[in-house]
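Below is one structure; the comments refer to it alone.
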Amino acid sequence: MKNLDQRLASAVRHFWTTRARQGQRQGRTTGQRDYGNRTVATGGRQLDGFSALVRELLVESGIPGEIIFDTGRDNVTLPGFFRPTKQWDVVVVAEGRLLAAIEFKALCGPSFGNNYNNRVEEALGSATDIWTAYRDGAFGKSPQPFLGYLLLLEEHEKSMREVSVLEKHFSVFDDFRGASYALRCEHSLRRLVRERSYNAASFILSIICLP
């Protein structure tokens with residue numbers, strides 16, 4: 001865990017620089033580009049810096065590197081219950097037993113509202129899918145695996161200001177009332193852990209970091 005702050009900052013910079021590079025490069029060959037923010041959101045590999053960092057931390061904690069698989073270099077596909085398979089970002093598999101599965105996601109503007117809802121639904125769906133698959137024996141004699149989730153949110157005027165909610169028929173929970181998208185993300189991740197959808201979750205706020 002040495003120099004963790006600097007190593008985490010490096011993973012964050014990798015996200016933003018890769019995202020920017022993909023936005024500039026996409027469409028140069030085919031002449032076709034995604035509309036709006038999809039130009040930079042559909043490139044992939046932006047969160048590989050976090051995969052590499054988690055791999056390093058696991059190895060430093062004593063877990064053999066040969067049983068750690070990440071999106072930057074390996075097949076990280078696991079079976080699901082409501083769908084055939086899902087690709088995670090880091091998985092740990094030893095002797096046919098699933099020990100851990102971790103997912104990394106990012107939420108950037110300009111459409112924070114739609115993206116926030118999508119991220120919450122994805123996180124819930126992925127957790128429900130893998131836990132149900134585990135219950136029905138998809139991972140053989142595996143002990144209960146560790147499930148982790150990391151979310152990076154762009155620190156922006158729109159993500160930090162208060163957001164109103166519609167309460168026409170029923171009242172929302174108090175901590176969501178008037179909460180910014182940043183606070184909504186924090187509350188949602190805390191609930192996911194408290195409800196044991198995930199064993200642990202990490203929430204990172206970041207301004208755009210470019211060289």
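Ligands are numbered from 1 in the order shown, residues from 1 within each chain, and chains are lettered A, B, ... in the order they appear in the structure tokens.
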
Discussion item. For range 109-114 of chain A, find every residue with an atom within 8 Å (counting only C-alpha atoms), except residues of its own chain fewer than 5 positions away, and show them as a ChimeraX atom specification.
Written reply: /A:37,154,156,158-159,181

Discussion item. If DSSP is run on the backbone, what residues of range 57-131 of chain A are strand (DSSP E or B)? A reply as JSON, numbers by chain would be ideal.
Written reply: {"A": [68, 69, 70, 77, 78, 79, 85, 86, 87, 90, 91, 92, 93, 94, 97, 98, 99, 100, 101, 102, 103, 104, 105, 106, 107]}

Worksheet item: What is the distance between CA of Leu210 in chain A and CA of Gln46 in chain A, in Å to one decimal?
Response: 13.3 Å

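Residues in contact with range 135-147 of chain A at 10 Å, where only C-alpha atoms are counted and same-chain residues fewer than 4 positions away are skipped, are listed as Leu78, Pro79, Gly80, Phe81, Val91, Val92, Val93, Ala94, Glu95, Gly96, Arg97, Leu98, Leu99, Ala100, Ala101, Ile102, Glu103, Ala127, Ile130, Trp131, Val193, Arg196, Ser197, Tyr198, Asn199, Ala200 and Ala201 of chain A.
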
Restricting the output to N, CA and C atoms, write the selected residues as a compact mmCIF listing (two decimals), in the first residue's frame.
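After the write, result_10.txt holds the following:
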```txt
# COMPACT_ATOMS: atom_id res chain seq x y z
N LEU A 78 -17.36 -14.09 -16.41
CA LEU A 78 -17.92 -15.03 -15.44
C LEU A 78 -19.36 -15.35 -15.82
N PRO A 79 -19.84 -16.54 -15.47
CA PRO A 79 -21.24 -16.87 -15.77
C PRO A 79 -22.20 -16.06 -14.93
N GLY A 80 -23.37 -15.82 -15.48
CA GLY A 80 -24.44 -15.15 -14.74
C GLY A 80 -25.61 -16.09 -14.56
N PHE A 81 -26.67 -15.56 -13.98
CA PHE A 81 -27.91 -16.34 -13.80
C PHE A 81 -29.00 -15.84 -14.74
N VAL A 91 -10.92 -10.31 -11.59
CA VAL A 91 -11.42 -11.50 -10.90
C VAL A 91 -10.23 -12.27 -10.35
N VAL A 92 -10.46 -12.96 -9.25
CA VAL A 92 -9.44 -13.81 -8.64
C VAL A 92 -10.01 -15.21 -8.59
N VAL A 93 -9.32 -16.15 -9.27
CA VAL A 93 -9.78 -17.53 -9.36
C VAL A 93 -8.62 -18.45 -9.01
N ALA A 94 -8.81 -19.28 -8.00
CA ALA A 94 -7.76 -20.21 -7.56
C ALA A 94 -8.32 -21.62 -7.51
N GLU A 95 -7.69 -22.52 -8.26
CA GLU A 95 -8.06 -23.94 -8.25
C GLU A 95 -9.55 -24.14 -8.48
N GLY A 96 -10.08 -23.42 -9.46
CA GLY A 96 -11.48 -23.57 -9.81
C GLY A 96 -12.45 -22.92 -8.86
N ARG A 97 -11.96 -22.06 -7.99
CA ARG A 97 -12.82 -21.37 -7.03
C ARG A 97 -12.75 -19.86 -7.25
N LEU A 98 -13.90 -19.23 -7.31
CA LEU A 98 -13.97 -17.78 -7.46
C LEU A 98 -13.79 -17.13 -6.09
N LEU A 99 -12.74 -16.32 -5.96
CA LEU A 99 -12.46 -15.67 -4.69
C LEU A 99 -12.91 -14.21 -4.67
N ALA A 100 -12.86 -13.54 -5.83
CA ALA A 100 -13.22 -12.12 -5.86
C ALA A 100 -13.61 -11.70 -7.27
N ALA A 101 -14.49 -10.72 -7.34
CA ALA A 101 -14.87 -10.08 -8.60
C ALA A 101 -15.09 -8.60 -8.32
N ILE A 102 -14.46 -7.75 -9.14
CA ILE A 102 -14.51 -6.30 -8.90
C ILE A 102 -14.87 -5.60 -10.20
N GLU A 103 -15.69 -4.57 -10.09
CA GLU A 103 -16.10 -3.80 -11.26
C GLU A 103 -15.77 -2.33 -11.06
N ALA A 127 -24.82 -7.28 -9.33
CA ALA A 127 -24.73 -7.96 -8.03
C ALA A 127 -25.78 -9.06 -7.91
N ILE A 130 -24.76 -12.13 -10.18
CA ILE A 130 -23.65 -13.00 -9.75
C ILE A 130 -23.98 -13.73 -8.45
N TRP A 131 -24.68 -13.06 -7.52
CA TRP A 131 -25.04 -13.74 -6.28
C TRP A 131 -26.04 -14.88 -6.54
N VAL A 193 -23.67 -1.47 -0.13
CA VAL A 193 -22.84 -2.22 0.81
C VAL A 193 -23.67 -2.67 2.02
N ARG A 196 -25.64 -5.57 1.41
CA ARG A 196 -24.77 -6.71 1.09
C ARG A 196 -24.82 -7.10 -0.38
N SER A 197 -25.16 -6.12 -1.22
CA SER A 197 -25.03 -6.37 -2.65
C SER A 197 -23.55 -6.45 -3.03
N TYR A 198 -22.74 -5.63 -2.35
CA TYR A 198 -21.29 -5.66 -2.51
C TYR A 198 -20.64 -5.71 -1.14
N ASN A 199 -19.48 -6.33 -1.07
CA ASN A 199 -18.75 -6.35 0.19
C ASN A 199 -18.11 -5.01 0.49
N ALA A 200 -17.72 -4.30 -0.56
CA ALA A 200 -17.09 -2.99 -0.37
C ALA A 200 -17.29 -2.17 -1.64
N ALA A 201 -17.33 -0.84 -1.47
CA ALA A 201 -17.47 0.06 -2.61
C ALA A 201 -16.58 1.28 -2.38
```

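Considering the residues A:Ser171, A:Ser202, A:Ser61, A:Ser126 and counting only C-alpha atoms, Leu8 in chain A has its shortest atom-to-atom contact with A:Ser202.
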
Item to complete: If you run DSSP over the backbone, which residues in range 91-208 of chain A end up alpha helix (DSSP H)? Put them as a ChimeraX atom specification.
Response: /A:112-135,157-160,181-194

Written file, previous selection with N, CA and C atoms, as a short mmCIF file (atom, residue, chain, number, x, y, z; two decimals), in the first residue's frame:
```cif
data_model
loop_
_atom_site.label_atom_id
_atom_site.label_comp_id
_atom_site.auth_asym_id
_atom_site.auth_seq_id
_atom_site.Cartn_x
_atom_site.Cartn_y
_atom_site.Cartn_z
N PHE A 112 -25.73 13.91 -16.30
CA PHE A 112 -25.50 13.22 -15.03
C PHE A 112 -26.73 12.45 -14.56
N GLY A 113 -27.93 12.99 -14.81
CA GLY A 113 -29.14 12.35 -14.32
C GLY A 113 -29.35 10.98 -14.92
N ASN A 114 -29.34 10.88 -16.25
CA ASN A 114 -29.53 9.59 -16.90
C ASN A 114 -28.39 8.64 -16.57
N ASN A 115 -27.17 9.14 -16.57
CA ASN A 115 -26.02 8.28 -16.30
C ASN A 115 -26.04 7.75 -14.87
N TYR A 116 -26.46 8.59 -13.93
CA TYR A 116 -26.54 8.14 -12.53
C TYR A 116 -27.53 6.99 -12.40
N ASN A 117 -28.72 7.15 -12.96
CA ASN A 117 -29.71 6.09 -12.88
C ASN A 117 -29.21 4.80 -13.54
N ASN A 118 -28.54 4.94 -14.68
CA ASN A 118 -28.01 3.77 -15.37
C ASN A 118 -26.97 3.04 -14.52
N ARG A 119 -26.10 3.81 -13.86
CA ARG A 119 -25.06 3.19 -13.04
C ARG A 119 -25.66 2.42 -11.85
N VAL A 120 -26.66 3.01 -11.21
CA VAL A 120 -27.30 2.33 -10.08
C VAL A 120 -27.96 1.04 -10.55
N GLU A 121 -28.68 1.10 -11.67
CA GLU A 121 -29.35 -0.09 -12.18
C GLU A 121 -28.34 -1.15 -12.59
N GLU A 122 -27.24 -0.75 -13.21
CA GLU A 122 -26.20 -1.71 -13.60
C GLU A 122 -25.59 -2.39 -12.38
N ALA A 123 -25.28 -1.59 -11.36
CA ALA A 123 -24.65 -2.14 -10.16
C ALA A 123 -25.57 -3.14 -9.47
N LEU A 124 -26.85 -2.78 -9.35
CA LEU A 124 -27.81 -3.70 -8.73
C LEU A 124 -27.97 -4.97 -9.56
N GLY A 125 -28.06 -4.79 -10.87
CA GLY A 125 -28.24 -5.94 -11.75
C GLY A 125 -27.06 -6.89 -11.72
N SER A 126 -25.85 -6.34 -11.76
CA SER A 126 -24.65 -7.18 -11.74
C SER A 126 -24.54 -7.95 -10.44
N ALA A 127 -24.82 -7.28 -9.33
CA ALA A 127 -24.73 -7.96 -8.03
C ALA A 127 -25.78 -9.06 -7.91
N THR A 128 -27.02 -8.75 -8.28
CA THR A 128 -28.08 -9.75 -8.21
C THR A 128 -27.76 -10.94 -9.09
N ASP A 129 -27.23 -10.67 -10.27
CA ASP A 129 -26.92 -11.73 -11.23
C ASP A 129 -25.85 -12.68 -10.70
N ILE A 130 -24.76 -12.13 -10.18
CA ILE A 130 -23.65 -13.00 -9.75
C ILE A 130 -23.98 -13.73 -8.45
N TRP A 131 -24.68 -13.06 -7.52
CA TRP A 131 -25.04 -13.74 -6.28
C TRP A 131 -26.04 -14.88 -6.54
N THR A 132 -26.96 -14.67 -7.46
CA THR A 132 -27.91 -15.73 -7.78
C THR A 132 -27.21 -16.89 -8.48
N ALA A 133 -26.27 -16.55 -9.37
CA ALA A 133 -25.49 -17.60 -10.03
C ALA A 133 -24.67 -18.38 -9.00
N TYR A 134 -24.12 -17.67 -8.03
CA TYR A 134 -23.35 -18.34 -6.97
C TYR A 134 -24.25 -19.27 -6.15
N ARG A 135 -25.44 -18.80 -5.82
CA ARG A 135 -26.38 -19.62 -5.06
C ARG A 135 -26.72 -20.91 -5.78
N GLU A 157 -19.77 21.34 -12.00
CA GLU A 157 -20.82 22.19 -11.43
C GLU A 157 -22.16 21.45 -11.39
N LYS A 158 -22.47 20.69 -12.45
CA LYS A 158 -23.75 20.00 -12.52
C LYS A 158 -23.82 18.80 -11.58
N SER A 159 -22.68 18.20 -11.27
CA SER A 159 -22.71 17.03 -10.39
C SER A 159 -22.65 17.40 -8.92
N MET A 160 -22.31 18.68 -8.63
CA MET A 160 -22.13 19.10 -7.25
C MET A 160 -23.28 19.94 -6.71
N TYR A 181 -25.81 15.08 -7.38
CA TYR A 181 -25.51 13.76 -7.93
C TYR A 181 -24.33 13.13 -7.21
N ALA A 182 -23.41 13.95 -6.72
CA ALA A 182 -22.30 13.40 -5.94
C ALA A 182 -22.82 12.75 -4.67
N LEU A 183 -23.72 13.43 -3.95
CA LEU A 183 -24.29 12.86 -2.73
C LEU A 183 -25.17 11.65 -3.04
N ARG A 184 -25.88 11.71 -4.16
CA ARG A 184 -26.70 10.56 -4.54
C ARG A 184 -25.82 9.32 -4.75
N CYS A 185 -24.69 9.52 -5.43
CA CYS A 185 -23.78 8.40 -5.65
C CYS A 185 -23.27 7.84 -4.32
N GLU A 186 -22.91 8.74 -3.42
CA GLU A 186 -22.41 8.31 -2.11
C GLU A 186 -23.48 7.51 -1.36
N HIS A 187 -24.70 8.03 -1.34
CA HIS A 187 -25.79 7.33 -0.66
C HIS A 187 -26.07 5.98 -1.31
N SER A 188 -26.06 5.94 -2.63
CA SER A 188 -26.37 4.69 -3.34
C SER A 188 -25.32 3.62 -3.05
N LEU A 189 -24.04 3.99 -3.09
CA LEU A 189 -22.99 3.01 -2.83
C LEU A 189 -23.05 2.52 -1.38
N ARG A 190 -23.32 3.43 -0.45
CA ARG A 190 -23.43 3.02 0.95
C ARG A 190 -24.58 2.02 1.11
N ARG A 191 -25.70 2.26 0.44
CA ARG A 191 -26.83 1.35 0.51
C ARG A 191 -26.48 -0.02 -0.11
N LEU A 192 -25.75 -0.01 -1.21
CA LEU A 192 -25.37 -1.26 -1.85
C LEU A 192 -24.52 -2.13 -0.92
N VAL A 193 -23.67 -1.47 -0.13
CA VAL A 193 -22.84 -2.22 0.81
C VAL A 193 -23.67 -2.67 2.02
N ARG A 194 -24.50 -1.77 2.54
CA ARG A 194 -25.32 -2.12 3.71
C ARG A 194 -26.30 -3.25 3.40
#
```

Item to complete: Could you check how far CA of Ile68 in chain A sits from CA of Ser206 in chain A, in Å to one decimal?
Response: 27.3 Å

Env of range 161-169 of chain A: 6 Å cut, atoms = only C-alpha atoms, seq-sep filter 5 positions within chain, self excluded. Answer as an mmCIF file with C-alpha atoms, in the first residue's frame.
```cif
data_model
loop_
_atom_site.group_PDB
_atom_site.id
_atom_site.type_symbol
_atom_site.label_atom_id
_atom_site.label_comp_id
_atom_site.auth_asym_id
_atom_site.auth_seq_id
_atom_site.Cartn_x
_atom_site.Cartn_y
_atom_site.Cartn_z
ATOM 1 C CA GLY A 178 -32.090 18.059 -2.511
ATOM 2 C CA ALA A 179 -28.936 15.945 -2.794
ATOM 3 C CA SER A 180 -26.453 16.582 -5.577
#
```

Worksheet item: Any idea what's packed within 12 Å of Lys2 in chain A, counting only C-alpha atoms, ignoring anything in its chain fewer than 2 positions away? Could you give it as a ChimeraX atom specification?
Response: /A:4-8,53,56-57,60-61
